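**Student:** Take a look at data.pdb, PDB, C-alpha atoms and all ligand atoms:
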```pdb
MODEL        1
ATOM      1  CA  MET A 508      44.139  32.210 -31.124  1.00  0.00           C
ATOM      2  CA  ASP A 509      46.040  29.169 -32.386  1.00  0.00           C
ATOM      3  CA  PHE A 510      46.947  26.935 -29.421  1.00  0.00           C
ATOM      4  CA  LEU A 511      50.666  26.646 -30.175  1.00  0.00           C
ATOM      5  CA  LEU A 512      50.958  30.372 -30.932  1.00  0.00           C
ATOM      6  CA  LYS A 513      49.410  31.059 -27.527  1.00  0.00           C
ATOM      7  CA  ARG A 514      51.942  28.709 -25.913  1.00  0.00           C
ATOM      8  CA  ARG A 515      54.812  30.442 -27.750  1.00  0.00           C
ATOM      9  CA  LEU A 516      53.680  33.845 -26.505  1.00  0.00           C
ATOM     10  CA  LEU A 517      53.203  32.572 -22.953  1.00  0.00           C
ATOM     11  CA  HIS A 518      56.656  31.006 -23.154  1.00  0.00           C
ATOM     12  CA  LEU A 519      58.169  34.515 -23.477  1.00  0.00           C
ATOM     13  CA  LEU A 520      56.722  35.481 -20.103  1.00  0.00           C
ATOM     14  CA  TYR A 521      56.717  32.111 -18.346  1.00  0.00           C
ATOM     15  CA  PRO A 522      59.257  29.795 -19.976  1.00  0.00           C
ATOM     16  CA  THR A 523      57.892  26.294 -20.568  1.00  0.00           C
ATOM     17  CA  ARG A 524      59.528  23.814 -18.222  1.00  0.00           C
ATOM     18  CA  CYS A 525      59.906  20.055 -18.212  1.00  0.00           C
ATOM     19  CA  PRO A 526      57.390  18.947 -15.538  1.00  0.00           C
ATOM     20  CA  VAL A 527      59.821  16.283 -14.306  1.00  0.00           C
ATOM     21  CA  CYS A 528      63.123  18.172 -13.842  1.00  0.00           C
ATOM     22  CA  GLY A 529      62.193  21.828 -14.350  1.00  0.00           C
ATOM     23  CA  GLN A 530      64.579  22.438 -17.254  1.00  0.00           C
ATOM     24  CA  VAL A 531      63.391  25.029 -19.802  1.00  0.00           C
ATOM     25  CA  ILE A 532      62.076  23.324 -22.949  1.00  0.00           C
ATOM     26  CA  LEU A 533      60.431  24.452 -26.185  1.00  0.00           C
ATOM     27  CA  PRO A 534      56.762  25.458 -25.840  1.00  0.00           C
ATOM     28  CA  LYS A 535      55.630  22.566 -28.062  1.00  0.00           C
ATOM     29  CA  GLU A 536      57.581  19.938 -26.090  1.00  0.00           C
ATOM     30  CA  HIS A 537      56.086  17.813 -23.302  1.00  0.00           C
ATOM     31  CA  PHE A 538      59.311  16.813 -21.504  1.00  0.00           C
ATOM     32  CA  CYS A 539      63.032  17.487 -21.923  1.00  0.00           C
ATOM     33  CA  LYS A 540      64.935  14.897 -23.958  1.00  0.00           C
ATOM     34  CA  ASP A 541      66.703  13.411 -20.912  1.00  0.00           C
ATOM     35  CA  CYS A 542      63.490  12.850 -18.969  1.00  0.00           C
ATOM     36  CA  ARG A 543      61.585  11.665 -22.054  1.00  0.00           C
ATOM     37  CA  GLY A 544      64.198   8.947 -22.512  1.00  0.00           C
ATOM     38  CA  LYS A 545      63.734   7.716 -18.941  1.00  0.00           C
ATOM     39  CA  LEU A 546      59.927   7.546 -18.936  1.00  0.00           C
ATOM     40  CA  ARG A 547      58.500   4.061 -19.446  1.00  0.00           C
ATOM     41  CA  PRO A 548      55.431   3.768 -21.670  1.00  0.00           C
ATOM     42  CA  PHE A 549      52.666   1.573 -20.263  1.00  0.00           C
ATOM     43  CA  THR A 550      52.678  -1.518 -22.434  1.00  0.00           C
ATOM     44  CA  GLY A 551      50.971  -3.994 -20.122  1.00  0.00           C
ATOM     45  CA  LYS A 552      47.392  -5.201 -20.138  1.00  0.00           C
ATOM     46  CA  PHE A 553      45.003  -4.110 -17.436  1.00  0.00           C
ATOM     47  CA  THR A 554      41.342  -4.949 -17.067  1.00  0.00           C
ATOM     48  CA  ILE A 555      38.871  -2.739 -15.281  1.00  0.00           C
ATOM     49  CA  GLU A 556      35.588  -4.357 -14.306  1.00  0.00           C
ATOM     50  CA  GLY A 557      32.782  -2.924 -16.428  1.00  0.00           C
ATOM     51  CA  ALA A 558      35.111  -1.100 -18.839  1.00  0.00           C
ATOM     52  CA  ASP A 559      35.459  -1.939 -22.522  1.00  0.00           C
ATOM     53  CA  GLY A 560      39.186  -1.254 -22.448  1.00  0.00           C
ATOM     54  CA  PHE A 561      41.998   0.499 -20.593  1.00  0.00           C
ATOM     55  CA  ILE A 562      44.760   2.646 -22.066  1.00  0.00           C
ATOM     56  CA  GLY A 563      47.652   4.007 -20.014  1.00  0.00           C
ATOM     57  CA  ALA A 564      50.406   6.365 -21.177  1.00  0.00           C
ATOM     58  CA  PHE A 565      53.176   5.673 -18.647  1.00  0.00           C
ATOM     59  CA  GLU A 566      54.158   3.154 -16.017  1.00  0.00           C
ATOM     60  CA  TYR A 567      53.987   5.023 -12.742  1.00  0.00           C
ATOM     61  CA  ASP A 568      57.516   5.099 -11.329  1.00  0.00           C
ATOM     62  CA  GLU A 569      59.983   7.499  -9.712  1.00  0.00           C
ATOM     63  CA  GLU A 570      60.815   9.040 -13.115  1.00  0.00           C
ATOM     64  CA  ILE A 571      57.283  10.274 -13.905  1.00  0.00           C
ATOM     65  CA  SER A 572      56.160  10.847 -10.289  1.00  0.00           C
ATOM     66  CA  PRO A 573      57.469  14.480 -10.054  1.00  0.00           C
ATOM     67  CA  ALA A 574      55.209  15.456 -12.993  1.00  0.00           C
ATOM     68  CA  VAL A 575      52.156  13.847 -11.333  1.00  0.00           C
ATOM     69  CA  PHE A 576      53.027  15.427  -7.994  1.00  0.00           C
ATOM     70  CA  LEU A 577      53.401  18.902  -9.540  1.00  0.00           C
ATOM     71  CA  LEU A 578      50.156  18.519 -11.471  1.00  0.00           C
ATOM     72  CA  LYS A 579      48.310  17.672  -8.251  1.00  0.00           C
ATOM     73  CA  LYS A 580      49.952  20.521  -6.343  1.00  0.00           C
ATOM     74  CA  GLY A 581      49.421  23.044  -9.138  1.00  0.00           C
ATOM     75  CA  VAL A 582      53.105  24.025  -9.099  1.00  0.00           C
ATOM     76  CA  CYS A 583      53.870  23.334 -12.748  1.00  0.00           C
ATOM     77  CA  GLY A 584      51.617  24.818 -15.403  1.00  0.00           C
ATOM     78  CA  ASN A 585      52.968  22.403 -17.968  1.00  0.00           C
ATOM     79  CA  GLY A 586      51.881  19.179 -16.235  1.00  0.00           C
ATOM     80  CA  ALA A 587      48.453  18.831 -17.843  1.00  0.00           C
ATOM     81  CA  TYR A 588      49.859  19.697 -21.279  1.00  0.00           C
ATOM     82  CA  ALA A 589      52.614  17.078 -20.941  1.00  0.00           C
ATOM     83  CA  LEU A 590      50.609  14.289 -19.294  1.00  0.00           C
ATOM     84  CA  GLY A 591      47.418  14.939 -21.280  1.00  0.00           C
ATOM     85  CA  GLY A 592      49.434  15.108 -24.490  1.00  0.00           C
ATOM     86  CA  ALA A 593      51.102  11.787 -23.715  1.00  0.00           C
ATOM     87  CA  LEU A 594      47.754  10.164 -22.954  1.00  0.00           C
ATOM     88  CA  ALA A 595      46.314  11.479 -26.244  1.00  0.00           C
ATOM     89  CA  GLU A 596      49.302   9.974 -28.075  1.00  0.00           C
ATOM     90  CA  ALA A 597      48.709   6.610 -26.357  1.00  0.00           C
ATOM     91  CA  LEU A 598      45.003   6.741 -27.246  1.00  0.00           C
ATOM     92  CA  ARG A 599      45.470   7.748 -30.882  1.00  0.00           C
ATOM     93  CA  GLY A 600      44.598   4.928 -33.264  1.00  0.00           C
ATOM     94  CA  THR A 601      42.805   2.870 -30.582  1.00  0.00           C
ATOM     95  CA  PRO A 602      39.012   2.345 -30.481  1.00  0.00           C
ATOM     96  CA  ALA A 603      38.941   4.601 -27.393  1.00  0.00           C
ATOM     97  CA  ALA A 604      39.978   7.566 -29.571  1.00  0.00           C
ATOM     98  CA  GLN A 605      36.613   7.196 -31.371  1.00  0.00           C
ATOM     99  CA  SER A 606      34.742   8.103 -28.169  1.00  0.00           C
ATOM    100  CA  GLN A 607      32.019  10.722 -28.457  1.00  0.00           C
ATOM    101  CA  VAL A 608      32.568  12.341 -25.087  1.00  0.00           C
ATOM    102  CA  ILE A 609      35.328  12.512 -22.471  1.00  0.00           C
ATOM    103  CA  VAL A 610      34.375  12.433 -18.800  1.00  0.00           C
ATOM    104  CA  PRO A 611      36.996  13.306 -16.156  1.00  0.00           C
ATOM    105  CA  THR A 612      37.102  11.563 -12.775  1.00  0.00           C
ATOM    106  CA  PRO A 613      35.287  13.987 -10.465  1.00  0.00           C
ATOM    107  CA  LEU A 614      36.519  15.416  -7.173  1.00  0.00           C
ATOM    108  CA  HIS A 615      34.399  16.017  -4.092  1.00  0.00           C
ATOM    109  CA  LYS A 616      33.716  19.740  -3.643  1.00  0.00           C
ATOM    110  CA  GLU A 617      35.882  19.907  -0.506  1.00  0.00           C
ATOM    111  CA  ASP A 618      38.841  18.422  -2.399  1.00  0.00           C
ATOM    112  CA  LEU A 619      38.131  20.791  -5.279  1.00  0.00           C
ATOM    113  CA  ARG A 620      38.108  23.756  -2.896  1.00  0.00           C
ATOM    114  CA  GLU A 621      41.377  22.646  -1.324  1.00  0.00           C
ATOM    115  CA  ARG A 622      43.184  22.083  -4.641  1.00  0.00           C
ATOM    116  CA  GLY A 623      41.426  24.790  -6.624  1.00  0.00           C
ATOM    117  CA  TYR A 624      41.018  22.636  -9.726  1.00  0.00           C
ATOM    118  CA  ASN A 625      40.442  19.050 -10.832  1.00  0.00           C
ATOM    119  CA  GLN A 626      43.641  17.706 -12.403  1.00  0.00           C
ATOM    120  CA  SER A 627      41.682  15.014 -14.275  1.00  0.00           C
ATOM    121  CA  LEU A 628      39.597  17.742 -15.923  1.00  0.00           C
ATOM    122  CA  LEU A 629      42.774  19.527 -17.075  1.00  0.00           C
ATOM    123  CA  ILE A 630      44.040  16.262 -18.576  1.00  0.00           C
ATOM    124  CA  ALA A 631      40.646  15.522 -20.148  1.00  0.00           C
ATOM    125  CA  LYS A 632      40.611  18.973 -21.777  1.00  0.00           C
ATOM    126  CA  GLU A 633      44.053  18.432 -23.293  1.00  0.00           C
ATOM    127  CA  VAL A 634      43.133  14.953 -24.572  1.00  0.00           C
ATOM    128  CA  GLY A 635      39.880  16.360 -25.963  1.00  0.00           C
ATOM    129  CA  ARG A 636      41.673  19.240 -27.686  1.00  0.00           C
ATOM    130  CA  ILE A 637      44.112  16.890 -29.417  1.00  0.00           C
ATOM    131  CA  LEU A 638      41.652  14.149 -30.369  1.00  0.00           C
ATOM    132  CA  GLY A 639      38.771  16.515 -31.131  1.00  0.00           C
ATOM    133  CA  ILE A 640      36.400  15.039 -28.528  1.00  0.00           C
ATOM    134  CA  PRO A 641      34.151  17.219 -26.328  1.00  0.00           C
ATOM    135  CA  VAL A 642      34.634  17.079 -22.553  1.00  0.00           C
ATOM    136  CA  CYS A 643      31.674  16.896 -20.195  1.00  0.00           C
ATOM    137  CA  GLN A 644      31.812  16.782 -16.407  1.00  0.00           C
ATOM    138  CA  ALA A 645      28.899  14.364 -16.516  1.00  0.00           C
ATOM    139  CA  VAL A 646      29.658  12.727 -13.167  1.00  0.00           C
ATOM    140  CA  THR A 647      29.902  14.435  -9.791  1.00  0.00           C
ATOM    141  CA  LYS A 648      31.051  13.154  -6.414  1.00  0.00           C
ATOM    142  CA  PRO A 649      28.580  14.439  -3.832  1.00  0.00           C
ATOM    143  CA  THR A 650      29.756  11.999  -1.152  1.00  0.00           C
ATOM    144  CA  GLU A 651      33.063  12.445   0.583  1.00  0.00           C
ATOM    145  CA  THR A 652      35.021   9.172   0.815  1.00  0.00           C
ATOM    146  CA  LEU A 653      38.062   7.950   2.728  1.00  0.00           C
ATOM    147  CA  PRO A 654      41.390   8.322   0.872  1.00  0.00           C
ATOM    148  CA  GLN A 655      41.702   5.221  -1.329  1.00  0.00           C
ATOM    149  CA  LYS A 656      45.396   4.845  -0.481  1.00  0.00           C
ATOM    150  CA  THR A 657      44.568   3.779   3.080  1.00  0.00           C
ATOM    151  CA  LEU A 658      42.338   0.896   1.983  1.00  0.00           C
ATOM    152  CA  SER A 659      42.564  -2.639   0.613  1.00  0.00           C
ATOM    153  CA  LYS A 660      41.041  -3.467  -2.787  1.00  0.00           C
ATOM    154  CA  ASN A 661      37.760  -4.706  -1.279  1.00  0.00           C
ATOM    155  CA  GLU A 662      37.553  -1.753   1.087  1.00  0.00           C
ATOM    156  CA  ARG A 663      38.121   0.595  -1.864  1.00  0.00           C
ATOM    157  CA  GLN A 664      35.084  -0.815  -3.654  1.00  0.00           C
ATOM    158  CA  VAL A 665      32.879  -0.449  -0.571  1.00  0.00           C
ATOM    159  CA  ASN A 666      34.264   3.057   0.086  1.00  0.00           C
ATOM    160  CA  LEU A 667      33.213   4.264  -3.374  1.00  0.00           C
ATOM    161  CA  CYS A 668      29.839   2.529  -3.529  1.00  0.00           C
ATOM    162  CA  GLY A 669      27.213   5.198  -4.213  1.00  0.00           C
ATOM    163  CA  ALA A 670      29.814   8.012  -4.114  1.00  0.00           C
ATOM    164  CA  PHE A 671      29.202   9.189  -7.697  1.00  0.00           C
ATOM    165  CA  THR A 672      26.161  10.663  -9.432  1.00  0.00           C
ATOM    166  CA  VAL A 673      25.546  11.285 -13.121  1.00  0.00           C
ATOM    167  CA  SER A 674      24.613  14.963 -13.314  1.00  0.00           C
ATOM    168  CA  CYS A 675      23.888  15.163 -17.053  1.00  0.00           C
ATOM    169  CA  PRO A 676      22.731  11.779 -18.375  1.00  0.00           C
ATOM    170  CA  GLU A 677      21.819  13.287 -21.758  1.00  0.00           C
ATOM    171  CA  ALA A 678      25.534  13.846 -22.443  1.00  0.00           C
ATOM    172  CA  ILE A 679      26.384  10.152 -22.126  1.00  0.00           C
ATOM    173  CA  ALA A 680      23.211   8.153 -22.891  1.00  0.00           C
ATOM    174  CA  GLY A 681      23.726   5.826 -25.870  1.00  0.00           C
ATOM    175  CA  LYS A 682      27.284   7.092 -26.357  1.00  0.00           C
ATOM    176  CA  GLN A 683      30.820   5.795 -26.292  1.00  0.00           C
ATOM    177  CA  VAL A 684      32.476   7.474 -23.321  1.00  0.00           C
ATOM    178  CA  LEU A 685      36.154   7.895 -22.481  1.00  0.00           C
ATOM    179  CA  LEU A 686      36.783   8.198 -18.750  1.00  0.00           C
ATOM    180  CA  VAL A 687      40.002  10.041 -17.920  1.00  0.00           C
ATOM    181  CA  ASP A 688      42.080   9.960 -14.734  1.00  0.00           C
ATOM    182  CA  ASP A 689      45.633  10.963 -13.840  1.00  0.00           C
ATOM    183  CA  VAL A 690      46.777   7.805 -12.040  1.00  0.00           C
ATOM    184  CA  CYS A 691      45.214   4.350 -11.931  1.00  0.00           C
ATOM    185  CA  THR A 692      46.263   1.840  -9.274  1.00  0.00           C
ATOM    186  CA  THR A 693      43.698  -0.898  -8.562  1.00  0.00           C
ATOM    187  CA  GLY A 694      41.131   0.598 -10.933  1.00  0.00           C
ATOM    188  CA  SER A 695      38.450   0.704  -8.178  1.00  0.00           C
ATOM    189  CA  THR A 696      37.536   4.324  -8.897  1.00  0.00           C
ATOM    190  CA  LEU A 697      37.303   3.796 -12.651  1.00  0.00           C
ATOM    191  CA  ALA A 698      35.316   0.548 -12.168  1.00  0.00           C
ATOM    192  CA  GLU A 699      32.757   2.323  -9.986  1.00  0.00           C
ATOM    193  CA  LEU A 700      32.524   5.184 -12.505  1.00  0.00           C
ATOM    194  CA  CYS A 701      32.025   2.694 -15.387  1.00  0.00           C
ATOM    195  CA  GLN A 702      29.151   1.107 -13.527  1.00  0.00           C
ATOM    196  CA  VAL A 703      27.568   4.490 -12.800  1.00  0.00           C
ATOM    197  CA  LEU A 704      27.954   5.624 -16.433  1.00  0.00           C
ATOM    198  CA  LYS A 705      26.556   2.373 -17.848  1.00  0.00           C
ATOM    199  CA  SER A 706      23.615   2.452 -15.420  1.00  0.00           C
ATOM    200  CA  ALA A 707      22.882   5.935 -16.779  1.00  0.00           C
ATOM    201  CA  GLY A 708      22.850   4.613 -20.361  1.00  0.00           C
ATOM    202  CA  ALA A 709      26.427   4.894 -21.666  1.00  0.00           C
ATOM    203  CA  LYS A 710      26.810   2.256 -24.394  1.00  0.00           C
ATOM    204  CA  VAL A 711      30.578   1.761 -24.265  1.00  0.00           C
ATOM    205  CA  VAL A 712      33.071   3.042 -21.670  1.00  0.00           C
ATOM    206  CA  PHE A 713      36.826   3.153 -22.181  1.00  0.00           C
ATOM    207  CA  CYS A 714      39.234   4.240 -19.456  1.00  0.00           C
ATOM    208  CA  GLY A 715      42.393   6.253 -19.993  1.00  0.00           C
ATOM    209  CA  ALA A 716      44.996   7.131 -17.352  1.00  0.00           C
ATOM    210  CA  CYS A 717      48.258   9.055 -17.695  1.00  0.00           C
ATOM    211  CA  CYS A 718      49.983   6.581 -15.384  1.00  0.00           C
ATOM    212  CA  LYS A 719      49.365   3.008 -14.340  1.00  0.00           C
ATOM    213  CA  THR A 720      50.846   2.012 -10.995  1.00  0.00           C
ATOM    214  CA  PRO A 721      52.271  -1.505 -10.705  1.00  0.00           C
ATOM    215  CA  LEU A 722      50.128  -3.287  -8.114  1.00  0.00           C
ATOM    216  CA  ILE A 723      53.043  -5.081  -6.504  1.00  0.00           C
ATOM    217  CA  GLU A 724      54.859  -1.922  -5.433  1.00  0.00           C
ATOM    218  CA  LYS A 725      54.278  -0.110  -2.190  1.00  0.00           C
ATOM    219  CA  ARG A 726      51.326   2.187  -2.512  1.00  0.00           C
ATOM    220  CA  GLY A 727      52.096   5.867  -2.837  1.00  0.00           C
ATOM    221  CA  GLU A 728      50.149   9.022  -2.267  1.00  0.00           C
ATOM    222  CA  ASN A 729      48.776   9.123  -5.795  1.00  0.00           C
ATOM    223  CA  ASP A 730      46.699   5.965  -5.494  1.00  0.00           C
ATOM    224  CA  ASP A 731      43.163   5.812  -6.813  1.00  0.00           C
TER     225      ASP A 731
HETATM  226 ZN    ZN B 801      63.311  16.942 -17.716  1.00  0.00          ZN
ENDMDL
END
```
Just give me the structure as structure tokens.
Ligand SMILES: [Zn+2]

**Tutor:**
Amino acid sequence: MDFLLKRRLLHLLYPTRCPVCGQVILPKEHFCKDCRGKLRPFTGKFTIEGADGFIGAFEYDEEISPAVFLLKKGVCGNGAYALGGALAEALRGTPAAQSQVIVPTPLHKEDLRERGYNQSLLIAKEVGRILGIPVCQAVTKPTETLPQKTLSKNERQVNLCGAFTVSCPEAIAGKQVLLVDDVCTTGSTLAELCQVLKSAGAKVVFCGACCKTPLIEKRGENDD
């Protein structure tokens, strides 16, 4: 069934809501007009060690944070559609949109069990649907790590060292890969994933995040 038709039908049973304020919106919309006007697009430059480029959709601030929170808590079914759609829009026309495969940031199985889903995978699927790029969960996280938010930048790097494994190298070898995450703060997680992907043969790795947190602000619970 056509994607938008499916959303229209679902809308009759479960009205589509703005993931920031909860107001009912049209099934094709990402946010309500009021919230959309308050969200700040990410326009800065950010470098991730080992990555060939970084693209962010929004600056992470108090306006967008309810949508990220709801996506992580699974409360709002529209979060991945809205945030993934915005990331796809930010990526469109950039070299990253030419990627051959999208890889979501993996969760450890305990975190996956607790949450029930990987929010980065939901975002990756939406970006892939819009840009016509296949999604592959090529990297897994067999090692449980300390929450990144409790650590300094150096400690974050050490914490993640060896935490990820490429489970299907054939999906990424020789390819241009787009790594997708919900929120990027210091970029430690994405940097470690870039290194792991390149060691497994990925030719080019771009990183895309729905939100980029300003480094100067107090760290919040969404840090990665
Ligand atoms: Zn709203």

**Student:** Care to translate the PyMOL selection byres (((chain A and resi 526) around 9) and not hetatm) into actual residues of this file, as a compact mmCIF listing (two decimals) with C-alpha atoms, keeping the file's coordinate frame?

**Tutor:**
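Output saved as out-v1.txt:
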```
# COMPACT_ATOMS: atom_id res chain seq x y z
CA THR A 523 57.89 26.29 -20.57
CA ARG A 524 59.53 23.81 -18.22
CA CYS A 525 59.91 20.06 -18.21
CA VAL A 527 59.82 16.28 -14.31
CA CYS A 528 63.12 18.17 -13.84
CA GLY A 529 62.19 21.83 -14.35
CA GLN A 530 64.58 22.44 -17.25
CA HIS A 537 56.09 17.81 -23.30
CA PHE A 538 59.31 16.81 -21.50
CA CYS A 539 63.03 17.49 -21.92
CA ILE A 571 57.28 10.27 -13.90
CA PRO A 573 57.47 14.48 -10.05
CA ALA A 574 55.21 15.46 -12.99
CA VAL A 575 52.16 13.85 -11.33
CA LEU A 577 53.40 18.90 -9.54
CA LEU A 578 50.16 18.52 -11.47
CA CYS A 583 53.87 23.33 -12.75
CA GLY A 584 51.62 24.82 -15.40
CA ASN A 585 52.97 22.40 -17.97
CA GLY A 586 51.88 19.18 -16.24
CA ALA A 589 52.61 17.08 -20.94
```

**Student:** Taking only C-alpha atoms and all ligand atoms into account, name the residue in A:Thr657, A:Thr647, A:Ser572, A:Gln683 that is nearest to ligand ZN 801 (chain B).

**Tutor:**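 Using only C-alpha atoms and all ligand atoms, ligand ZN 801 (chain B) sits closest to A:Ser572.
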
**Student:** Could you expand the PyMOL selection byres (((chain A and resi 644) around 12) and not hetatm) into the explicit residues it covers here, written as a PyMOL selection string?

**Tutor:** chain A and resi 608-614+625+627-629+631-632+641-643+645-648+671-679+684-687+704

**Student:** Looking at A:Ala558, A:Ile637, A:Leu658, A:Ala564, which one is nearest to Val712 of chain A, with distances taken over all atoms listed in the file?

**Tutor:**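 Once distances to Val712 of chain A are computed over all atoms listed in the file, the minimum belongs to A:Ala558.
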
**Student:** Just give me the gap between atom CA of Arg543 of chain A and atom CA of Cys691 of chain A in Å, one decimal is fine.

**Tutor:**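 These atoms are spaced 20.6 Å apart.
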
**Student:** Would you mind completing segment 582-602 of chain A to N, CA and C atoms and writing the output as a short mmCIF file (atom, residue, chain, number, x, y, z; two decimals), keeping the file's coordinate frame?

**Tutor:**
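This is the output file rebuild05.cif:
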```cif
data_model
loop_
_atom_site.label_atom_id
_atom_site.label_comp_id
_atom_site.auth_asym_id
_atom_site.auth_seq_id
_atom_site.Cartn_x
_atom_site.Cartn_y
_atom_site.Cartn_z
N VAL A 582 51.85 23.27 -9.06
CA VAL A 582 53.10 24.02 -9.10
C VAL A 582 53.59 24.24 -10.54
N CYS A 583 53.36 23.23 -11.38
CA CYS A 583 53.87 23.33 -12.75
C CYS A 583 52.73 23.46 -13.75
N GLY A 584 52.68 24.57 -14.44
CA GLY A 584 51.62 24.82 -15.40
C GLY A 584 51.68 23.92 -16.61
N ASN A 585 52.80 23.21 -16.77
CA ASN A 585 52.97 22.40 -17.97
C ASN A 585 52.55 20.94 -17.77
N GLY A 586 52.18 20.57 -16.55
CA GLY A 586 51.88 19.18 -16.24
C GLY A 586 50.73 18.61 -17.04
N ALA A 587 49.63 19.34 -17.12
CA ALA A 587 48.45 18.83 -17.84
C ALA A 587 48.74 18.75 -19.34
N TYR A 588 49.50 19.71 -19.85
CA TYR A 588 49.86 19.70 -21.28
C TYR A 588 50.70 18.46 -21.59
N ALA A 589 51.70 18.20 -20.71
CA ALA A 589 52.61 17.08 -20.94
C ALA A 589 51.92 15.73 -20.74
N LEU A 590 51.23 15.59 -19.61
CA LEU A 590 50.61 14.29 -19.29
C LEU A 590 49.38 14.03 -20.17
N GLY A 591 48.59 15.08 -20.40
CA GLY A 591 47.42 14.94 -21.28
C GLY A 591 47.85 14.65 -22.71
N GLY A 592 48.91 15.33 -23.14
CA GLY A 592 49.43 15.11 -24.49
C GLY A 592 49.93 13.68 -24.67
N ALA A 593 50.59 13.17 -23.65
CA ALA A 593 51.10 11.79 -23.72
C ALA A 593 49.95 10.79 -23.73
N LEU A 594 48.91 11.07 -22.96
CA LEU A 594 47.75 10.16 -22.95
C LEU A 594 47.06 10.18 -24.32
N ALA A 595 46.93 11.37 -24.91
CA ALA A 595 46.31 11.48 -26.24
C ALA A 595 47.11 10.68 -27.28
N GLU A 596 48.44 10.74 -27.16
CA GLU A 596 49.30 9.97 -28.08
C GLU A 596 49.07 8.47 -27.90
N ALA A 597 48.94 8.04 -26.64
CA ALA A 597 48.71 6.61 -26.36
C ALA A 597 47.34 6.16 -26.87
N LEU A 598 46.37 7.08 -26.83
CA LEU A 598 45.00 6.74 -27.25
C LEU A 598 44.84 6.74 -28.76
N ARG A 599 45.62 7.57 -29.43
CA ARG A 599 45.47 7.75 -30.88
C ARG A 599 45.56 6.41 -31.62
N GLY A 600 44.60 6.17 -32.48
CA GLY A 600 44.60 4.93 -33.26
C GLY A 600 43.91 3.76 -32.57
N THR A 601 43.52 3.94 -31.29
CA THR A 601 42.80 2.87 -30.58
C THR A 601 41.29 3.13 -30.70
N PRO A 602 40.47 2.12 -30.44
CA PRO A 602 39.01 2.35 -30.48
C PRO A 602 38.56 3.43 -29.49
#
```
